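*Asks:* This is the content of structure00.txt (compact mmCIF, N, CA and C atoms):
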# COMPACT_ATOMS: atom_id res chain seq x y z
N MET A 1 0.86 -1.18 0.00
CA MET A 1 0.00 0.00 0.00
C MET A 1 0.90 1.23 0.00
N SER A 2 0.62 2.15 -0.90
CA SER A 2 1.49 3.33 -1.01
C SER A 2 1.17 4.33 0.09
N LEU A 3 2.08 5.22 0.31
CA LEU A 3 1.93 6.25 1.33
C LEU A 3 0.75 7.16 1.01
N LEU A 4 0.58 7.48 -0.25
CA LEU A 4 -0.52 8.34 -0.67
C LEU A 4 -1.87 7.68 -0.43
N THR A 5 -1.97 6.39 -0.71
CA THR A 5 -3.22 5.65 -0.48
C THR A 5 -3.54 5.59 1.00
N GLU A 6 -2.53 5.34 1.81
CA GLU A 6 -2.73 5.30 3.26
C GLU A 6 -3.20 6.64 3.79
N PHE A 7 -2.56 7.72 3.30
CA PHE A 7 -2.94 9.06 3.76
C PHE A 7 -4.37 9.38 3.35
N ARG A 8 -4.77 8.99 2.13
CA ARG A 8 -6.12 9.25 1.66
C ARG A 8 -7.13 8.52 2.55
N GLU A 9 -6.85 7.28 2.92
CA GLU A 9 -7.75 6.53 3.81
C GLU A 9 -7.85 7.21 5.17
N PHE A 10 -6.71 7.69 5.68
CA PHE A 10 -6.69 8.36 6.98
C PHE A 10 -7.51 9.65 6.92
N ALA A 11 -7.30 10.45 5.89
CA ALA A 11 -7.98 11.74 5.78
C ALA A 11 -9.47 11.59 5.52
N ALA A 12 -9.88 10.48 4.91
CA ALA A 12 -11.29 10.28 4.58
C ALA A 12 -12.09 9.75 5.76
N ARG A 13 -11.44 9.37 6.83
CA ARG A 13 -12.17 8.89 8.01
C ARG A 13 -13.05 9.99 8.55
N GLY A 14 -14.16 9.61 9.13
CA GLY A 14 -15.10 10.58 9.68
C GLY A 14 -14.51 11.41 10.79
N ASN A 15 -13.68 10.81 11.64
CA ASN A 15 -13.13 11.54 12.77
C ASN A 15 -12.26 12.70 12.33
N VAL A 16 -11.46 12.50 11.30
CA VAL A 16 -10.57 13.57 10.84
C VAL A 16 -11.39 14.72 10.26
N ILE A 17 -12.41 14.41 9.51
CA ILE A 17 -13.25 15.46 8.93
C ILE A 17 -14.02 16.18 10.03
N ASP A 18 -14.55 15.44 10.99
CA ASP A 18 -15.25 16.06 12.12
C ASP A 18 -14.31 16.99 12.88
N LEU A 19 -13.09 16.54 13.09
CA LEU A 19 -12.11 17.37 13.80
C LEU A 19 -11.82 18.65 13.02
N ALA A 20 -11.66 18.54 11.71
CA ALA A 20 -11.39 19.73 10.89
C ALA A 20 -12.55 20.71 10.97
N VAL A 21 -13.77 20.21 10.88
CA VAL A 21 -14.94 21.08 10.98
C VAL A 21 -14.98 21.75 12.36
N GLY A 22 -14.69 20.99 13.40
CA GLY A 22 -14.67 21.55 14.75
C GLY A 22 -13.64 22.64 14.93
N VAL A 23 -12.46 22.44 14.36
CA VAL A 23 -11.40 23.45 14.48
C VAL A 23 -11.81 24.72 13.74
N ILE A 24 -12.38 24.58 12.56
CA ILE A 24 -12.79 25.75 11.78
C ILE A 24 -13.90 26.52 12.50
N ILE A 25 -14.89 25.81 12.99
CA ILE A 25 -15.98 26.46 13.71
C ILE A 25 -15.46 27.08 15.02
N GLY A 26 -14.55 26.38 15.69
CA GLY A 26 -13.96 26.92 16.92
C GLY A 26 -13.20 28.20 16.68
N ALA A 27 -12.45 28.27 15.60
CA ALA A 27 -11.71 29.49 15.28
C ALA A 27 -12.68 30.64 15.00
N SER A 28 -13.74 30.37 14.27
CA SER A 28 -14.74 31.41 14.00
C SER A 28 -15.44 31.83 15.29
N PHE A 29 -15.75 30.88 16.13
CA PHE A 29 -16.40 31.19 17.41
C PHE A 29 -15.48 32.05 18.27
N GLY A 30 -14.18 31.76 18.23
CA GLY A 30 -13.21 32.57 18.98
C GLY A 30 -13.21 34.01 18.52
N LYS A 31 -13.33 34.24 17.22
CA LYS A 31 -13.38 35.62 16.70
C LYS A 31 -14.66 36.32 17.16
N ILE A 32 -15.75 35.58 17.17
CA ILE A 32 -17.02 36.16 17.61
C ILE A 32 -16.93 36.55 19.09
N VAL A 33 -16.36 35.69 19.90
CA VAL A 33 -16.23 35.98 21.33
C VAL A 33 -15.29 37.16 21.55
N THR A 34 -14.19 37.22 20.80
CA THR A 34 -13.27 38.35 20.92
C THR A 34 -13.99 39.66 20.60
N SER A 35 -14.76 39.66 19.54
CA SER A 35 -15.51 40.86 19.17
C SER A 35 -16.55 41.20 20.25
N LEU A 36 -17.23 40.19 20.76
CA LEU A 36 -18.22 40.40 21.81
C LEU A 36 -17.59 41.05 23.04
N VAL A 37 -16.46 40.53 23.47
CA VAL A 37 -15.82 41.06 24.67
C VAL A 37 -15.26 42.46 24.42
N ASP A 38 -14.48 42.62 23.33
CA ASP A 38 -13.80 43.89 23.08
C ASP A 38 -14.74 45.02 22.70
N GLN A 39 -15.82 44.70 21.98
CA GLN A 39 -16.65 45.77 21.43
C GLN A 39 -18.05 45.88 22.03
N VAL A 40 -18.46 44.88 22.80
CA VAL A 40 -19.81 44.93 23.38
C VAL A 40 -19.77 44.93 24.91
N ILE A 41 -19.01 44.02 25.50
CA ILE A 41 -19.03 43.87 26.96
C ILE A 41 -18.13 44.89 27.66
N MET A 42 -16.90 45.05 27.20
CA MET A 42 -15.95 45.89 27.92
C MET A 42 -16.24 47.39 27.83
N PRO A 43 -16.73 47.94 26.72
CA PRO A 43 -17.01 49.38 26.72
C PRO A 43 -18.00 49.84 27.80
N PRO A 44 -19.14 49.15 28.01
CA PRO A 44 -20.01 49.60 29.10
C PRO A 44 -19.37 49.43 30.48
N ILE A 45 -18.60 48.36 30.66
CA ILE A 45 -17.92 48.17 31.95
C ILE A 45 -16.91 49.29 32.16
N GLY A 46 -16.16 49.63 31.12
CA GLY A 46 -15.21 50.73 31.22
C GLY A 46 -15.90 52.05 31.49
N LEU A 47 -17.06 52.26 30.89
CA LEU A 47 -17.82 53.49 31.13
C LEU A 47 -18.28 53.57 32.58
N LEU A 48 -18.77 52.45 33.11
CA LEU A 48 -19.21 52.42 34.51
C LEU A 48 -18.05 52.66 35.48
N LEU A 49 -16.85 52.27 35.09
CA LEU A 49 -15.68 52.43 35.96
C LEU A 49 -14.93 53.73 35.69
N GLY A 50 -15.57 54.68 35.04
CA GLY A 50 -14.94 55.98 34.85
C GLY A 50 -14.26 56.14 33.51
N LYS A 51 -14.91 55.70 32.45
CA LYS A 51 -14.41 55.83 31.08
C LYS A 51 -13.01 55.23 30.91
N VAL A 52 -12.87 54.00 31.37
CA VAL A 52 -11.60 53.28 31.28
C VAL A 52 -11.64 52.36 30.07
N ASP A 53 -10.60 52.41 29.23
CA ASP A 53 -10.47 51.48 28.11
C ASP A 53 -9.56 50.35 28.59
N PHE A 54 -10.16 49.20 28.87
CA PHE A 54 -9.39 48.09 29.44
C PHE A 54 -8.25 47.63 28.54
N SER A 55 -8.44 47.72 27.24
CA SER A 55 -7.39 47.24 26.34
C SER A 55 -6.13 48.09 26.41
N LYS A 56 -6.25 49.31 26.97
CA LYS A 56 -5.09 50.21 27.06
C LYS A 56 -4.45 50.20 28.46
N LEU A 57 -5.04 49.50 29.40
CA LEU A 57 -4.47 49.48 30.75
C LEU A 57 -3.14 48.72 30.77
N GLU A 58 -2.14 49.33 31.37
CA GLU A 58 -0.82 48.70 31.42
C GLU A 58 0.00 49.30 32.55
N TRP A 59 0.96 48.53 33.03
CA TRP A 59 1.97 49.01 33.98
C TRP A 59 3.25 49.19 33.19
N VAL A 60 3.71 50.41 33.11
CA VAL A 60 4.91 50.70 32.34
C VAL A 60 6.12 50.44 33.23
N LEU A 61 6.97 49.52 32.80
CA LEU A 61 8.19 49.21 33.54
C LEU A 61 9.35 50.09 33.08
N VAL A 62 9.46 50.27 31.78
CA VAL A 62 10.48 51.14 31.20
C VAL A 62 9.77 52.06 30.22
N PRO A 63 9.73 53.38 30.52
CA PRO A 63 9.03 54.28 29.60
C PRO A 63 9.79 54.48 28.30
N GLU A 64 9.06 54.91 27.29
CA GLU A 64 9.66 55.15 25.99
C GLU A 64 10.42 56.47 26.01
N ASN A 65 11.59 56.50 25.39
CA ASN A 65 12.41 57.71 25.33
C ASN A 65 12.07 58.44 24.04
N PRO A 66 11.51 59.66 24.13
CA PRO A 66 11.14 60.37 22.91
C PRO A 66 12.33 60.80 22.05
N ALA A 67 13.54 60.78 22.62
CA ALA A 67 14.71 61.20 21.88
C ALA A 67 15.21 60.14 20.90
N THR A 68 14.77 58.90 21.07
CA THR A 68 15.22 57.82 20.17
C THR A 68 14.07 57.37 19.29
N GLU A 69 14.39 56.78 18.16
CA GLU A 69 13.37 56.29 17.24
C GLU A 69 12.93 54.87 17.56
N THR A 70 13.77 54.10 18.23
CA THR A 70 13.41 52.71 18.54
C THR A 70 12.41 52.67 19.68
N VAL A 71 11.58 51.66 19.66
CA VAL A 71 10.59 51.47 20.72
C VAL A 71 11.29 50.81 21.90
N GLU A 72 11.35 51.52 23.00
CA GLU A 72 12.04 51.01 24.20
C GLU A 72 11.07 50.72 25.34
N LYS A 73 9.82 51.05 25.13
CA LYS A 73 8.83 50.90 26.21
C LYS A 73 8.63 49.41 26.54
N VAL A 74 8.67 49.13 27.82
CA VAL A 74 8.38 47.78 28.32
C VAL A 74 7.22 47.93 29.30
N ALA A 75 6.11 47.20 29.04
CA ALA A 75 4.93 47.35 29.88
C ALA A 75 4.23 46.01 30.05
N ILE A 76 3.60 45.88 31.19
CA ILE A 76 2.74 44.72 31.46
C ILE A 76 1.33 45.17 31.11
N GLN A 77 0.75 44.55 30.10
CA GLN A 77 -0.56 44.97 29.61
C GLN A 77 -1.66 44.14 30.27
N TYR A 78 -1.98 44.52 31.49
CA TYR A 78 -2.96 43.74 32.25
C TYR A 78 -4.38 43.96 31.75
N GLY A 79 -4.66 45.05 31.06
CA GLY A 79 -5.99 45.28 30.50
C GLY A 79 -6.31 44.27 29.40
N ALA A 80 -5.33 44.01 28.53
CA ALA A 80 -5.53 43.00 27.49
C ALA A 80 -5.70 41.62 28.11
N PHE A 81 -4.98 41.38 29.22
CA PHE A 81 -5.13 40.10 29.93
C PHE A 81 -6.53 39.95 30.49
N ILE A 82 -7.09 41.05 31.03
CA ILE A 82 -8.45 40.99 31.56
C ILE A 82 -9.44 40.66 30.44
N ASN A 83 -9.26 41.30 29.28
CA ASN A 83 -10.13 40.99 28.13
C ASN A 83 -10.02 39.53 27.74
N THR A 84 -8.80 39.01 27.67
CA THR A 84 -8.60 37.61 27.30
C THR A 84 -9.20 36.67 28.34
N LEU A 85 -9.09 37.03 29.61
CA LEU A 85 -9.68 36.22 30.68
C LEU A 85 -11.20 36.16 30.54
N ILE A 86 -11.82 37.28 30.23
CA ILE A 86 -13.27 37.29 30.04
C ILE A 86 -13.66 36.46 28.82
N GLN A 87 -12.87 36.55 27.75
CA GLN A 87 -13.12 35.73 26.57
C GLN A 87 -13.06 34.24 26.93
N PHE A 88 -12.05 33.86 27.71
CA PHE A 88 -11.92 32.46 28.12
C PHE A 88 -13.13 32.02 28.92
N LEU A 89 -13.58 32.86 29.85
CA LEU A 89 -14.74 32.49 30.67
C LEU A 89 -15.99 32.30 29.82
N ILE A 90 -16.17 33.14 28.81
CA ILE A 90 -17.33 33.00 27.93
C ILE A 90 -17.25 31.69 27.15
N VAL A 91 -16.08 31.41 26.57
CA VAL A 91 -15.90 30.17 25.81
C VAL A 91 -16.09 28.95 26.72
N ALA A 92 -15.51 28.99 27.92
CA ALA A 92 -15.64 27.87 28.85
C ALA A 92 -17.10 27.64 29.22
N PHE A 93 -17.85 28.73 29.43
CA PHE A 93 -19.26 28.60 29.78
C PHE A 93 -20.07 28.00 28.63
N VAL A 94 -19.79 28.44 27.40
CA VAL A 94 -20.50 27.90 26.24
C VAL A 94 -20.18 26.42 26.06
N VAL A 95 -18.92 26.03 26.23
CA VAL A 95 -18.54 24.62 26.11
C VAL A 95 -19.22 23.81 27.21
N PHE A 96 -19.29 24.37 28.42
CA PHE A 96 -19.98 23.69 29.52
C PHE A 96 -21.45 23.45 29.17
N LEU A 97 -22.12 24.49 28.62
CA LEU A 97 -23.52 24.32 28.24
C LEU A 97 -23.69 23.29 27.14
N LEU A 98 -22.76 23.28 26.19
CA LEU A 98 -22.80 22.30 25.10
C LEU A 98 -22.66 20.87 25.64
N VAL A 99 -21.69 20.65 26.51
CA VAL A 99 -21.48 19.31 27.08
C VAL A 99 -22.66 18.92 27.95
N LYS A 100 -23.20 19.87 28.70
CA LYS A 100 -24.36 19.58 29.53
C LYS A 100 -25.55 19.16 28.67
N GLY A 101 -25.77 19.85 27.55
CA GLY A 101 -26.86 19.50 26.65
C GLY A 101 -26.67 18.13 26.03
N ILE A 102 -25.45 17.82 25.63
CA ILE A 102 -25.17 16.50 25.04
C ILE A 102 -25.39 15.40 26.07
N ASN A 103 -24.91 15.62 27.29
CA ASN A 103 -25.11 14.62 28.35
C ASN A 103 -26.60 14.42 28.65
N LYS A 104 -27.38 15.49 28.61
CA LYS A 104 -28.81 15.38 28.85
C LYS A 104 -29.49 14.56 27.75
N MET A 105 -29.09 14.81 26.50
CA MET A 105 -29.66 14.04 25.39
C MET A 105 -29.30 12.57 25.50
N ARG A 106 -28.08 12.27 25.93
CA ARG A 106 -27.67 10.87 26.07
C ARG A 106 -28.47 10.17 27.15
N ARG A 107 -28.73 10.87 28.26
CA ARG A 107 -29.48 10.27 29.36
C ARG A 107 -30.94 10.03 28.98
N GLU A 108 -31.51 10.89 28.13
CA GLU A 108 -32.92 10.78 27.77
C GLU A 108 -33.21 9.68 26.76
N GLN A 109 -32.22 9.23 26.03
CA GLN A 109 -32.45 8.19 25.03
C GLN A 109 -32.74 6.86 25.73
N PRO A 110 -33.89 6.24 25.41
CA PRO A 110 -34.19 4.96 26.05
C PRO A 110 -33.26 3.88 25.51
N ALA A 111 -32.84 3.05 26.42
CA ALA A 111 -31.96 1.94 26.02
C ALA A 111 -32.80 0.90 25.28
N GLU A 112 -32.37 0.58 24.09
CA GLU A 112 -33.09 -0.42 23.30
C GLU A 112 -32.74 -1.81 23.80
N ALA A 113 -33.79 -2.64 23.90
CA ALA A 113 -33.56 -4.01 24.33
C ALA A 113 -32.90 -4.77 23.18
N ALA A 114 -31.80 -5.39 23.49
CA ALA A 114 -31.09 -6.13 22.46
C ALA A 114 -31.87 -7.40 22.14
N ALA A 115 -31.95 -7.70 20.86
CA ALA A 115 -32.64 -8.91 20.43
C ALA A 115 -31.81 -10.12 20.87
N PRO A 116 -32.48 -11.15 21.33
CA PRO A 116 -31.73 -12.33 21.77
C PRO A 116 -31.03 -13.00 20.58
N THR A 117 -29.89 -13.56 20.88
CA THR A 117 -29.15 -14.29 19.86
C THR A 117 -29.91 -15.58 19.55
N PRO A 118 -29.60 -16.23 18.43
CA PRO A 118 -30.30 -17.49 18.11
C PRO A 118 -30.12 -18.54 19.22
N THR A 119 -28.95 -18.58 19.83
CA THR A 119 -28.72 -19.54 20.91
C THR A 119 -29.61 -19.23 22.10
N GLU A 120 -29.70 -17.93 22.46
CA GLU A 120 -30.55 -17.54 23.58
C GLU A 120 -32.02 -17.84 23.29
N ALA A 121 -32.45 -17.61 22.04
CA ALA A 121 -33.84 -17.89 21.68
C ALA A 121 -34.13 -19.39 21.79
N LEU A 122 -33.18 -20.22 21.35
CA LEU A 122 -33.36 -21.67 21.43
C LEU A 122 -33.42 -22.11 22.89
N LEU A 123 -32.55 -21.56 23.72
CA LEU A 123 -32.57 -21.91 25.14
C LEU A 123 -33.87 -21.46 25.80
N ALA A 124 -34.40 -20.32 25.41
CA ALA A 124 -35.66 -19.84 25.97
C ALA A 124 -36.81 -20.78 25.58
N GLU A 125 -36.79 -21.26 24.34
CA GLU A 125 -37.82 -22.22 23.91
C GLU A 125 -37.73 -23.50 24.72
N ILE A 126 -36.51 -24.01 24.92
CA ILE A 126 -36.33 -25.23 25.71
C ILE A 126 -36.83 -25.02 27.12
N ARG A 127 -36.50 -23.88 27.71
CA ARG A 127 -36.94 -23.58 29.06
C ARG A 127 -38.47 -23.54 29.14
N ASP A 128 -39.09 -22.90 28.19
CA ASP A 128 -40.55 -22.78 28.18
C ASP A 128 -41.22 -24.16 28.03
N GLU A 129 -40.63 -25.03 27.20
CA GLU A 129 -41.19 -26.37 27.03
C GLU A 129 -41.03 -27.20 28.30
N LEU A 130 -39.89 -27.04 28.96
CA LEU A 130 -39.71 -27.77 30.22
C LEU A 130 -40.67 -27.31 31.29
N LYS A 131 -40.96 -26.00 31.31
CA LYS A 131 -41.92 -25.48 32.27
C LYS A 131 -43.34 -25.99 31.97
N ALA A 132 -43.66 -26.20 30.71
CA ALA A 132 -45.00 -26.60 30.30
C ALA A 132 -45.25 -28.07 30.61
N ARG A 133 -44.22 -28.86 30.75
CA ARG A 133 -44.41 -30.30 31.05
C ARG A 133 -44.92 -30.45 32.49
N PRO A 134 -45.83 -31.49 32.67
CA PRO A 134 -46.37 -31.73 34.02
C PRO A 134 -45.42 -32.43 34.93
Just dump the structure as structure tokens.

*Replies:*
Amino acid sequence: MSLLTEFREFAARGNVIDLAVGVIIGASFGKIVTSLVDQVIMPPIGLLLGKVDFSKLEWVLVPENPATETVEKVAIQYGAFINTLIQFLIVAFVVFLLVKGINKMRREQPAEAAAPTPTEALLAEIRDELKARP
């Protein structure tokens, strides 16, 4: 079996395609959450806290020198970290709800009674005939 044939069989499996679809949808969902946090959730919170733009909050460790052209500023950007933390919490909550819904659907499905095998059916007939004898 050639390497190309093996790879084609691997790529055509359902799991690989499902994974690819999940990654693509996850990346798109991440962009939606980023937009939600940066442009919808954080502006009102910043307004309530005194017109603060969280994405610009930082602790400057080394200020920039205006006399030089190179960027020398070193800062800890904790505002961007807060935005990312909120994004993570939203994604984690959505994943939790998704898993909770899937688990609920699994629990609600009635277990189907397995049909007896031919051997079990034959043994059941023998048992019933023995019970019927006086």

*Asks:* Name all residues at most 8 Å from range 26-43 of chain A (count only N, CA and C atoms; drop same-chain ones fewer than 6 positions away) and give them as a count of residues only.

*Replies:* 14

*Asks:* Please identify which residues in range 54-87 of chain A DSSP calls helix (DSSP H, G or I) from the backbone, and express them as a list in words.

*Replies:*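 Filtering range 54-87 of chain A to helix (DSSP H, G or I) leaves Phe54, Ser55, Lys56, Tyr78, Gly79, Ala80, Phe81, Ile82, Asn83, Thr84, Leu85, Ile86 and Gln87 of chain A.
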
*Asks:* As an exercise, work out the distance from atom C of Phe96 in chain A to CA of Gly46 in chain A in Å and give it to one decimal place.

*Replies:*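 Spanning atom C of Phe96 in chain A to CA of Gly46 in chain A is a straight-line distance of 28.1 Å.
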
*Asks:* So how far away is CA of Val21 in chain A from CA of Arg8 in chain A, in Å?

*Replies:*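 Between CA of Arg8 in chain A and CA of Val21 in chain A the gap is 17.5 Å.
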
*Asks:* For the atom pair CA of Arg107 in chain A and atom C of Leu19 in chain A, what is the interatomic distance in Å to one decimal place?

*Replies:* 25.5 Å

*Asks:* Where does DSSP see strand (DSSP E or B) in chain A, if you list the residues as an NGL selection string?

*Replies:* :A and (59-62 or 74-76)

*Asks:* Out of A:Leu130, A:Ile17, A:Leu57, A:Leu122, which residue has the shortest atom-to-atom distance to Gly79 in chain A when counting only N, CA and C atoms?

*Replies:*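 The shortest atom-to-atom distance to Gly79 in chain A comes from A:Leu57.
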
*Asks:* List every protein, DNA or RNA residue with an atom no more than 8 Å from (-2.2, 44.5, 36.4) in the file's coordinates, counting all atoms listed in the file, and format the result as a PyMOL selection string.

*Replies:* chain A and resi 57-59+76-79

*Asks:* Using only N, CA and C atoms, please write the residues we just selected to a file, as a tab-separated table (two decimals), keeping the file's coordinate frame.

*Replies:*
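What landed in part_12.tsv:
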chain	number	residue	atom	x	y	z
A	57	LEU	N	-5.04	49.50	29.40
A	57	LEU	CA	-4.47	49.48	30.75
A	57	LEU	C	-3.14	48.72	30.77
A	58	GLU	N	-2.14	49.33	31.37
A	58	GLU	CA	-0.82	48.70	31.42
A	58	GLU	C	0.00	49.30	32.55
A	59	TRP	N	0.96	48.53	33.03
A	59	TRP	CA	1.97	49.01	33.98
A	59	TRP	C	3.25	49.19	33.19
A	76	ILE	N	3.60	45.88	31.19
A	76	ILE	CA	2.74	44.72	31.46
A	76	ILE	C	1.33	45.17	31.11
A	77	GLN	N	0.75	44.55	30.10
A	77	GLN	CA	-0.56	44.97	29.61
A	77	GLN	C	-1.66	44.14	30.27
A	78	TYR	N	-1.98	44.52	31.49
A	78	TYR	CA	-2.96	43.74	32.25
A	78	TYR	C	-4.38	43.96	31.75
A	79	GLY	N	-4.66	45.05	31.06
A	79	GLY	CA	-5.99	45.28	30.50
A	79	GLY	C	-6.31	44.27	29.40

*Asks:* Using only C-alpha atoms, which of the listed residues (A:Leu48, A:Leu3, A:Val74, A:Ala121) sits closest to Val60 in chain A?

*Replies:*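 Smallest separation from Val60 in chain A among the options: A:Val74.
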
*Asks:* Using only the atoms of range 125-133 of chain A listed in the file, plus 4 Å on each side, state the axis-aligned box centre and edge lengths in Å rounded to one decimal, as lines of an AutoDock Vina configuration file.

*Replies:*
center_x = -40.8
center_y = -25.9
center_z = 28.2
size_x = 16.9
size_y = 17.2
size_z = 16.6
